[in-house]
Amino acid sequence: MFDHVFSPITIKGKTIKNRFTVPAMVCNFCNKDGTATERYIAYHEAKAKGGWGLIITEDYNVSPEGHGFSCTAGLWNDGQIASHSELPKRVHKYGATILAQIYHCGRQTHKSAIPEGCHTRSSSAILCPFGDEIPIPFTTEEVKGMVKKYGDAAVRAKKCGFDGVEIHSAHGYLLNQFYSPLYNHRTDEYGCDTMENRIRMHLEIIQSIRGSLGTEYPIAIRMGGCDYQEGGTSVEDTVEACKILEKSGVDLLDITGGMNGFIRPGHTEAGYFRDISTAVKKQVDIPVLLTGGVKSVEDAEALIQDQCTDMVGIGRVLLKNPQALHLCQ
C-alpha cells in the first residue's frame with residue numbers, strides 16, 4: 001500500500017531507510033552558548049526511535065550574531081563539538097540518518113537573541129517586518145568571511161559525526177536574503193542582476209565545504225523556492241538556480257517557501273509547495289524533498305507517486321506523536 005514512502009533512497013552513497021524526513025523545526029532547546037542539552041538530544045532521538053529515515057536538525061549558527069532565537073544550536077567554535085557529538089550517536093542507534101542544518105539568521109532576529117555588542121546583519125539595509133534594528137549590510141569582504149564560517153561549521157559537523165549538512169537558504173534567513181530580489185539591493189558581485197550573483201554566496205559555501213571535506217560528504221540545501229510576492233523570487237527562478245546548484249555539488253534539494261516562510265497563505269493542502277518541487281524535479285537528477293501541509297502517510301505516498309518529490313518532510317504532526325510511523329508499518 002505504501003510501497004514508495006517506505007522504500008530506501010541513496011544520497012551520495014548513504015542509504016536512507018525510508019523517504020520520511022523530520023524537517024528542521026526550531027525547538028530552542030540548547031544553551032545560550034550554542035552547546036547541546038540533554039533535552040535537545042532527546043528531542044531528536046525520539047524521532048529516530050519513531051522510525052523516521054532522515055532527520056534534519058534545526059539551525060546550527062555559523063556565527064554568534066547568527067541567532068534568530070536565543071537558545072539554538074551553534075557550531076561556530078571547536079568548543080561546541082563535544083556536546084553535539086552525542087546527538088548523531090543516539091540517532092544512529094535506531095538506523096536513522098542525520099544532517100546538521102547550518103545557517104545565519106541575517107536580519108530575521110531581535111537584539112535580545114544576539115550577543116551584546118553585535119549588530120543585525122543582512123544583504124541590504126532593509127528592516128525585517130518583525131525586527132527591531134535596521135541591518136548593516138555585509139561588505140563584499142565580509143561576505144567572503146561569512147562563506148568561510150559556513151565551511152568551518154560544516155567541518156565541525158562532520159567531526160561531531162553528522163552524516164552531512166544542510167545549508168539553510170529559505171524562510172527569510174540570510175542566504176534567502178541574498179537570493180530574493182525583495183531584500184537584495186546590492187550592486188557588487190553578490191547583487192541580483194544575474195542568477196549567478198544571487199546564488200554566488202551559496203556556490204562559494206558549497207565550494208568551501210567541498211574544499212575541506214571532499215566530494216563524498218553529503219550536502220543538502222533548503223531552498224526558499226518562491227516568495228509568492230510581486231517582484232520576489234519565482235518558481236522559474238528556482239528551477240534555474242537548482243540546476244546550477246546541482247552542478248556545483250549539491251546532493252539533495254529541500255524545497256520550501258521563501259520570504260513567506262514555511263506556510264503558504266491561502267493553502268492548506270498536503271504538499272502546498274508542490275508547484276515548486278514538481279517543477280524542480282523535472283529538471284534535476286538529484287533527490288528532491290518536499291515539506292508543507294503533509295499530515296499522513298497517505299499524503300506522503302500520493303506526493304511521491306504523483307512525481308512531486310522523492311522524499312517527504314512531516315513536521316507538526318511529529319511534535320504530537322514521534323512514534324506515528326511505527327503505527328503504519
# chains A, B, ... in the order shown; residues from 1 in each chain; ligands from 1
>>> select_by_dssp(residues="stretch 82-311 of chain A", states="strand (DSSP E)", output="PyMOL selection string")
chain A and resi 97-103+121-122+136-137+164-169+219-224+252-256+288-291+311
>>> residues_around(residues="A:Lys111", least_positions_apart="4", cutoff="12 Å", atoms="only C-alpha atoms", output="list in words")
Glu65, Gly66, His67, Gly68, Phe69, Ser70, Gly106, Arg107, Pro115, Glu116, Gly117, Cys118, His119, Thr120, Arg121, Phe130, Gly131, Asp132, Glu133, Ile134 and Pro135 of chain A
>>> residues_around(residues="stretch 26-32 of chain A", least_positions_apart="6", cutoff="8 Å", atoms="only C-alpha atoms", output="PyMOL selection string")
chain A and resi 39-40+58-59+69-73
>>> closest_residue(among="A:Thr15, A:Ser277, A:Thr256, A:Thr57", to="A:Gly95", atoms="only C-alpha atoms")
A:Thr15
>>> residues_around(residues="stretch 77-88 of chain A", least_positions_apart="3", cutoff="8 Å", atoms="only C-alpha atoms", output="JSON, numbers by chain")
{"A": [34, 35, 36, 37, 41, 44, 45, 74, 91, 92, 98, 153, 156, 157, 159, 160, 161, 162]}
>>> residues_around(residues="stretch 291-307 of chain A", least_positions_apart="6", cutoff="10 Å", atoms="only C-alpha atoms", output="PyMOL selection string")
chain A and resi 1-6+19-23+254-257+262-264+267-274+277-279+281-282+313-318+324-325+328
>>> write_last_selection(atoms="N, CA and C atoms", output="compact mmCIF listing (two decimals), in the first residue's frame")
# COMPACT_ATOMS: atom_id res chain seq x y z
N MET A 1 0.82 -1.21 0.00
CA MET A 1 0.00 0.00 0.00
C MET A 1 0.85 1.26 0.00
N PHE A 2 1.96 1.23 0.75
CA PHE A 2 2.85 2.39 0.84
C PHE A 2 4.24 2.02 0.31
N ASP A 3 4.26 1.50 -0.91
CA ASP A 3 5.50 0.97 -1.47
C ASP A 3 6.58 2.03 -1.64
N HIS A 4 6.18 3.26 -1.94
CA HIS A 4 7.16 4.30 -2.22
C HIS A 4 7.76 4.89 -0.95
N VAL A 5 6.93 5.30 -0.01
CA VAL A 5 7.43 6.03 1.15
C VAL A 5 8.27 5.17 2.08
N PHE A 6 8.03 3.86 2.08
CA PHE A 6 8.81 3.00 2.96
C PHE A 6 9.97 2.32 2.24
N ARG A 19 11.57 7.20 2.97
CA ARG A 19 11.50 8.53 2.37
C ARG A 19 10.98 9.60 3.32
N PHE A 20 10.74 9.23 4.59
CA PHE A 20 10.21 10.18 5.57
C PHE A 20 11.33 11.00 6.20
N THR A 21 11.10 12.29 6.29
CA THR A 21 12.10 13.21 6.84
C THR A 21 11.51 14.05 7.95
N VAL A 22 12.27 14.19 9.02
CA VAL A 22 11.95 15.16 10.06
C VAL A 22 12.60 16.47 9.64
N PRO A 23 11.83 17.45 9.18
CA PRO A 23 12.44 18.72 8.75
C PRO A 23 12.93 19.51 9.95
N ASP A 254 16.01 20.51 -0.81
CA ASP A 254 14.90 20.56 0.15
C ASP A 254 14.07 21.81 -0.17
N ILE A 255 12.92 21.61 -0.79
CA ILE A 255 12.13 22.71 -1.33
C ILE A 255 11.06 23.17 -0.34
N THR A 256 11.02 24.50 -0.13
CA THR A 256 10.05 25.09 0.79
C THR A 256 9.81 26.54 0.40
N GLY A 257 9.21 27.31 1.30
CA GLY A 257 8.89 28.69 0.97
C GLY A 257 10.05 29.64 1.19
N PHE A 262 7.41 29.11 6.17
CA PHE A 262 7.07 27.71 5.95
C PHE A 262 5.59 27.49 5.73
N ILE A 263 4.80 28.57 5.62
CA ILE A 263 3.39 28.44 5.27
C ILE A 263 3.15 29.17 3.95
N ARG A 264 2.09 28.78 3.26
CA ARG A 264 1.70 29.44 2.02
C ARG A 264 0.29 30.00 2.21
N HIS A 267 -3.36 28.34 1.44
CA HIS A 267 -3.19 26.93 1.07
C HIS A 267 -2.99 26.08 2.32
N THR A 268 -3.74 24.99 2.38
CA THR A 268 -3.61 24.04 3.49
C THR A 268 -3.49 22.61 2.99
N GLU A 269 -3.52 22.41 1.67
CA GLU A 269 -3.47 21.06 1.13
C GLU A 269 -2.10 20.43 1.37
N ALA A 270 -2.07 19.12 1.34
CA ALA A 270 -0.81 18.40 1.53
C ALA A 270 0.17 18.75 0.42
N GLY A 271 1.38 19.13 0.83
CA GLY A 271 2.40 19.48 -0.15
C GLY A 271 2.11 20.78 -0.86
N TYR A 272 1.80 21.83 -0.09
CA TYR A 272 1.38 23.08 -0.72
C TYR A 272 2.52 23.84 -1.41
N PHE A 273 3.75 23.33 -1.33
CA PHE A 273 4.84 23.88 -2.15
C PHE A 273 5.14 22.97 -3.35
N ARG A 274 4.21 22.12 -3.71
CA ARG A 274 4.44 21.18 -4.80
C ARG A 274 4.60 21.87 -6.15
N SER A 277 8.40 22.16 -6.12
CA SER A 277 9.14 20.89 -6.12
C SER A 277 8.93 20.11 -7.42
N THR A 278 7.71 20.12 -7.94
CA THR A 278 7.42 19.40 -9.18
C THR A 278 8.21 19.98 -10.34
N ALA A 279 8.24 21.31 -10.41
CA ALA A 279 8.98 21.97 -11.49
C ALA A 279 10.47 21.69 -11.38
N LYS A 281 11.92 19.07 -9.81
CA LYS A 281 12.18 17.63 -10.00
C LYS A 281 12.28 17.26 -11.48
N LYS A 282 11.53 17.94 -12.33
CA LYS A 282 11.56 17.66 -13.76
C LYS A 282 12.88 18.04 -14.41
N GLY A 313 8.81 15.60 3.96
CA GLY A 313 9.02 16.04 5.33
C GLY A 313 7.69 16.23 6.03
N ILE A 314 7.60 15.72 7.25
CA ILE A 314 6.39 15.90 8.07
C ILE A 314 6.83 16.55 9.38
N GLY A 315 6.30 17.72 9.67
CA GLY A 315 6.76 18.48 10.82
C GLY A 315 5.85 18.44 12.02
N ARG A 316 4.78 19.23 11.98
CA ARG A 316 3.98 19.45 13.19
C ARG A 316 3.31 18.20 13.72
N VAL A 317 2.95 17.26 12.83
CA VAL A 317 2.36 16.00 13.29
C VAL A 317 3.33 15.26 14.20
N LEU A 318 4.63 15.38 13.87
CA LEU A 318 5.66 14.71 14.67
C LEU A 318 5.73 15.23 16.09
N ALA A 324 4.56 7.99 15.35
CA ALA A 324 3.47 7.83 14.38
C ALA A 324 3.80 6.84 13.27
N LEU A 325 5.03 6.84 12.79
CA LEU A 325 5.37 5.96 11.67
C LEU A 325 5.23 4.48 12.01
N CYS A 328 2.09 2.68 11.27
CA CYS A 328 1.73 2.43 9.87
C CYS A 328 2.48 1.26 9.25
>>> atom_distance(atom1="atom CA of A:Ile209", atom2="atom CA of A:Glu236")
27.1 Å
>>> atom_distance(atom1="atom CA of A:Lys49", atom2="atom CA of A:Leu99")
16.2 Å
>>> closest_residue(among="A:Pro64, A:Tyr94, A:Val288, A:Ile11", to="A:Gly51", atoms="only C-alpha atoms")
A:Tyr94
>>> atom_distance(atom1="atom CA of A:Ser124", atom2="atom CA of A:Arg186")
6.5 Å
>>> select_by_dssp(residues="stretch 236-266 of chain A", states="helix (DSSP H, G or I)", output="ChimeraX atom specification")
/A:236-248
>>> decode(residues="stretch 185-217 of chain A", atoms="N, CA, C and O atoms", output="PDB file, in the first residue's frame")
ATOM      1  N   HIS A 185      19.466  44.453  -2.543  1.00  0.00           N
ATOM      2  CA  HIS A 185      19.604  45.650  -3.370  1.00  0.00           C
ATOM      3  C   HIS A 185      21.079  45.994  -3.573  1.00  0.00           C
ATOM      4  O   HIS A 185      21.435  47.153  -3.770  1.00  0.00           O
ATOM      5  N   ARG A 186      21.929  44.988  -3.559  1.00  0.00           N
ATOM      6  CA  ARG A 186      23.365  45.188  -3.667  1.00  0.00           C
ATOM      7  C   ARG A 186      23.763  45.491  -5.118  1.00  0.00           C
ATOM      8  O   ARG A 186      23.050  45.122  -6.071  1.00  0.00           O
ATOM      9  N   THR A 187      24.931  46.092  -5.247  1.00  0.00           N
ATOM     10  CA  THR A 187      25.466  46.391  -6.579  1.00  0.00           C
ATOM     11  C   THR A 187      26.812  45.713  -6.814  1.00  0.00           C
ATOM     12  O   THR A 187      27.438  45.940  -7.853  1.00  0.00           O
ATOM     13  N   ASP A 188      27.253  44.883  -5.868  1.00  0.00           N
ATOM     14  CA  ASP A 188      28.525  44.185  -6.053  1.00  0.00           C
ATOM     15  C   ASP A 188      28.279  42.824  -6.698  1.00  0.00           C
ATOM     16  O   ASP A 188      27.207  42.563  -7.243  1.00  0.00           O
ATOM     17  N   GLU A 189      29.257  41.934  -6.613  1.00  0.00           N
ATOM     18  CA  GLU A 189      29.151  40.625  -7.257  1.00  0.00           C
ATOM     19  C   GLU A 189      28.133  39.712  -6.593  1.00  0.00           C
ATOM     20  O   GLU A 189      27.838  38.621  -7.114  1.00  0.00           O
ATOM     21  N   TYR A 190      27.564  40.125  -5.456  1.00  0.00           N
ATOM     22  CA  TYR A 190      26.529  39.356  -4.766  1.00  0.00           C
ATOM     23  C   TYR A 190      25.147  39.992  -4.940  1.00  0.00           C
ATOM     24  O   TYR A 190      24.224  39.688  -4.181  1.00  0.00           O
ATOM     25  N   GLY A 191      25.003  40.836  -5.920  1.00  0.00           N
ATOM     26  CA  GLY A 191      23.732  41.507  -6.164  1.00  0.00           C
ATOM     27  C   GLY A 191      22.746  40.632  -6.919  1.00  0.00           C
ATOM     28  O   GLY A 191      22.961  39.429  -7.125  1.00  0.00           O
ATOM     29  N   CYS A 192      21.646  41.248  -7.392  1.00  0.00           N
ATOM     30  CA  CYS A 192      20.565  40.482  -8.009  1.00  0.00           C
ATOM     31  C   CYS A 192      20.455  40.669  -9.515  1.00  0.00           C
ATOM     32  O   CYS A 192      19.425  40.340 -10.103  1.00  0.00           O
ATOM     33  N   ASP A 193      21.495  41.176 -10.145  1.00  0.00           N
ATOM     34  CA  ASP A 193      21.406  41.436 -11.574  1.00  0.00           C
ATOM     35  C   ASP A 193      21.455  40.165 -12.414  1.00  0.00           C
ATOM     36  O   ASP A 193      20.925  40.134 -13.535  1.00  0.00           O
ATOM     37  N   THR A 194      22.060  39.105 -11.888  1.00  0.00           N
ATOM     38  CA  THR A 194      22.069  37.811 -12.574  1.00  0.00           C
ATOM     39  C   THR A 194      21.806  36.704 -11.556  1.00  0.00           C
ATOM     40  O   THR A 194      22.011  36.887 -10.348  1.00  0.00           O
ATOM     41  N   MET A 195      21.370  35.546 -12.053  1.00  0.00           N
ATOM     42  CA  MET A 195      21.153  34.417 -11.154  1.00  0.00           C
ATOM     43  C   MET A 195      22.460  33.986 -10.499  1.00  0.00           C
ATOM     44  O   MET A 195      22.497  33.637  -9.317  1.00  0.00           O
ATOM     45  N   GLU A 196      23.540  34.002 -11.267  1.00  0.00           N
ATOM     46  CA  GLU A 196      24.836  33.608 -10.704  1.00  0.00           C
ATOM     47  C   GLU A 196      25.219  34.489  -9.528  1.00  0.00           C
ATOM     48  O   GLU A 196      25.762  34.000  -8.526  1.00  0.00           O
ATOM     49  N   ASN A 197      24.933  35.777  -9.612  1.00  0.00           N
ATOM     50  CA  ASN A 197      25.244  36.672  -8.500  1.00  0.00           C
ATOM     51  C   ASN A 197      24.323  36.419  -7.309  1.00  0.00           C
ATOM     52  O   ASN A 197      24.756  36.466  -6.152  1.00  0.00           O
ATOM     53  N   ARG A 198      23.060  36.157  -7.576  1.00  0.00           N
ATOM     54  CA  ARG A 198      22.102  35.903  -6.491  1.00  0.00           C
ATOM     55  C   ARG A 198      22.485  34.697  -5.656  1.00  0.00           C
ATOM     56  O   ARG A 198      22.245  34.667  -4.440  1.00  0.00           O
ATOM     57  N   ILE A 199      23.059  33.680  -6.310  1.00  0.00           N
ATOM     58  CA  ILE A 199      23.438  32.470  -5.564  1.00  0.00           C
ATOM     59  C   ILE A 199      24.958  32.317  -5.461  1.00  0.00           C
ATOM     60  O   ILE A 199      25.447  31.246  -5.105  1.00  0.00           O
ATOM     61  N   ARG A 200      25.682  33.391  -5.728  1.00  0.00           N
ATOM     62  CA  ARG A 200      27.140  33.318  -5.642  1.00  0.00           C
ATOM     63  C   ARG A 200      27.593  32.891  -4.245  1.00  0.00           C
ATOM     64  O   ARG A 200      28.506  32.064  -4.098  1.00  0.00           O
ATOM     65  N   MET A 201      26.980  33.438  -3.214  1.00  0.00           N
ATOM     66  CA  MET A 201      27.362  33.079  -1.848  1.00  0.00           C
ATOM     67  C   MET A 201      27.089  31.599  -1.590  1.00  0.00           C
ATOM     68  O   MET A 201      27.906  30.908  -0.961  1.00  0.00           O
ATOM     69  N   HIS A 202      25.958  31.097  -2.094  1.00  0.00           N
ATOM     70  CA  HIS A 202      25.646  29.674  -1.958  1.00  0.00           C
ATOM     71  C   HIS A 202      26.736  28.818  -2.602  1.00  0.00           C
ATOM     72  O   HIS A 202      27.221  27.849  -2.009  1.00  0.00           O
ATOM     73  N   LEU A 203      27.105  29.189  -3.821  1.00  0.00           N
ATOM     74  CA  LEU A 203      28.093  28.405  -4.566  1.00  0.00           C
ATOM     75  C   LEU A 203      29.459  28.433  -3.894  1.00  0.00           C
ATOM     76  O   LEU A 203      30.175  27.419  -3.867  1.00  0.00           O
ATOM     77  N   GLU A 204      29.811  29.576  -3.324  1.00  0.00           N
ATOM     78  CA  GLU A 204      31.096  29.679  -2.643  1.00  0.00           C
ATOM     79  C   GLU A 204      31.097  28.869  -1.348  1.00  0.00           C
ATOM     80  O   GLU A 204      32.126  28.301  -0.962  1.00  0.00           O
ATOM     81  N   ILE A 205      29.957  28.803  -0.683  1.00  0.00           N
ATOM     82  CA  ILE A 205      29.855  27.972   0.519  1.00  0.00           C
ATOM     83  C   ILE A 205      30.015  26.500   0.153  1.00  0.00           C
ATOM     84  O   ILE A 205      30.744  25.750   0.819  1.00  0.00           O
ATOM     85  N   ILE A 206      29.346  26.078  -0.905  1.00  0.00           N
ATOM     86  CA  ILE A 206      29.483  24.691  -1.357  1.00  0.00           C
ATOM     87  C   ILE A 206      30.931  24.387  -1.705  1.00  0.00           C
ATOM     88  O   ILE A 206      31.479  23.345  -1.322  1.00  0.00           O
ATOM     89  N   GLN A 207      31.566  25.303  -2.411  1.00  0.00           N
ATOM     90  CA  GLN A 207      32.976  25.127  -2.783  1.00  0.00           C
ATOM     91  C   GLN A 207      33.862  25.045  -1.544  1.00  0.00           C
ATOM     92  O   GLN A 207      34.800  24.236  -1.479  1.00  0.00           O
ATOM     93  N   SER A 208      33.558  25.874  -0.541  1.00  0.00           N
ATOM     94  CA  SER A 208      34.336  25.854   0.699  1.00  0.00           C
ATOM     95  C   SER A 208      34.202  24.509   1.408  1.00  0.00           C
ATOM     96  O   SER A 208      35.195  23.928   1.876  1.00  0.00           O
ATOM     97  N   ILE A 209      32.974  23.991   1.474  1.00  0.00           N
ATOM     98  CA  ILE A 209      32.743  22.703   2.129  1.00  0.00           C
ATOM     99  C   ILE A 209      33.445  21.586   1.362  1.00  0.00           C
ATOM    100  O   ILE A 209      34.125  20.732   1.951  1.00  0.00           O
ATOM    101  N   ARG A 210      33.303  21.597   0.056  1.00  0.00           N
ATOM    102  CA  ARG A 210      33.934  20.566  -0.758  1.00  0.00           C
ATOM    103  C   ARG A 210      35.464  20.636  -0.649  1.00  0.00           C
ATOM    104  O   ARG A 210      36.142  19.608  -0.619  1.00  0.00           O
ATOM    105  N   GLY A 211      35.994  21.859  -0.565  1.00  0.00           N
ATOM    106  CA  GLY A 211      37.434  22.014  -0.448  1.00  0.00           C
ATOM    107  C   GLY A 211      37.985  21.423   0.832  1.00  0.00           C
ATOM    108  O   GLY A 211      39.120  20.928   0.873  1.00  0.00           O
ATOM    109  N   SER A 212      37.182  21.446   1.900  1.00  0.00           N
ATOM    110  CA  SER A 212      37.623  20.916   3.192  1.00  0.00           C
ATOM    111  C   SER A 212      37.271  19.449   3.398  1.00  0.00           C
ATOM    112  O   SER A 212      38.038  18.709   4.025  1.00  0.00           O
ATOM    113  N   LEU A 213      36.115  19.037   2.892  1.00  0.00           N
ATOM    114  CA  LEU A 213      35.595  17.707   3.210  1.00  0.00           C
ATOM    115  C   LEU A 213      35.539  16.762   2.022  1.00  0.00           C
ATOM    116  O   LEU A 213      35.149  15.606   2.172  1.00  0.00           O
ATOM    117  N   GLY A 214      35.909  17.235   0.842  1.00  0.00           N
ATOM    118  CA  GLY A 214      35.919  16.361  -0.321  1.00  0.00           C
ATOM    119  C   GLY A 214      34.556  16.236  -0.983  1.00  0.00           C
ATOM    120  O   GLY A 214      33.579  16.874  -0.581  1.00  0.00           O
ATOM    121  N   THR A 215      34.496  15.386  -1.979  1.00  0.00           N
ATOM    122  CA  THR A 215      33.289  15.282  -2.808  1.00  0.00           C
ATOM    123  C   THR A 215      32.261  14.293  -2.279  1.00  0.00           C
ATOM    124  O   THR A 215      31.139  14.246  -2.782  1.00  0.00           O
ATOM    125  N   GLU A 216      32.616  13.502  -1.267  1.00  0.00           N
ATOM    126  CA  GLU A 216      31.720  12.430  -0.828  1.00  0.00           C
ATOM    127  C   GLU A 216      30.858  12.798   0.375  1.00  0.00           C
ATOM    128  O   GLU A 216      29.972  12.026   0.745  1.00  0.00           O
ATOM    129  N   TYR A 217      31.115  13.940   0.997  1.00  0.00           N
ATOM    130  CA  TYR A 217      30.309  14.315   2.174  1.00  0.00           C
ATOM    131  C   TYR A 217      29.009  14.949   1.682  1.00  0.00           C
ATOM    132  O   TYR A 217      29.034  15.939   0.945  1.00  0.00           O
TER     133      TYR A 217
END
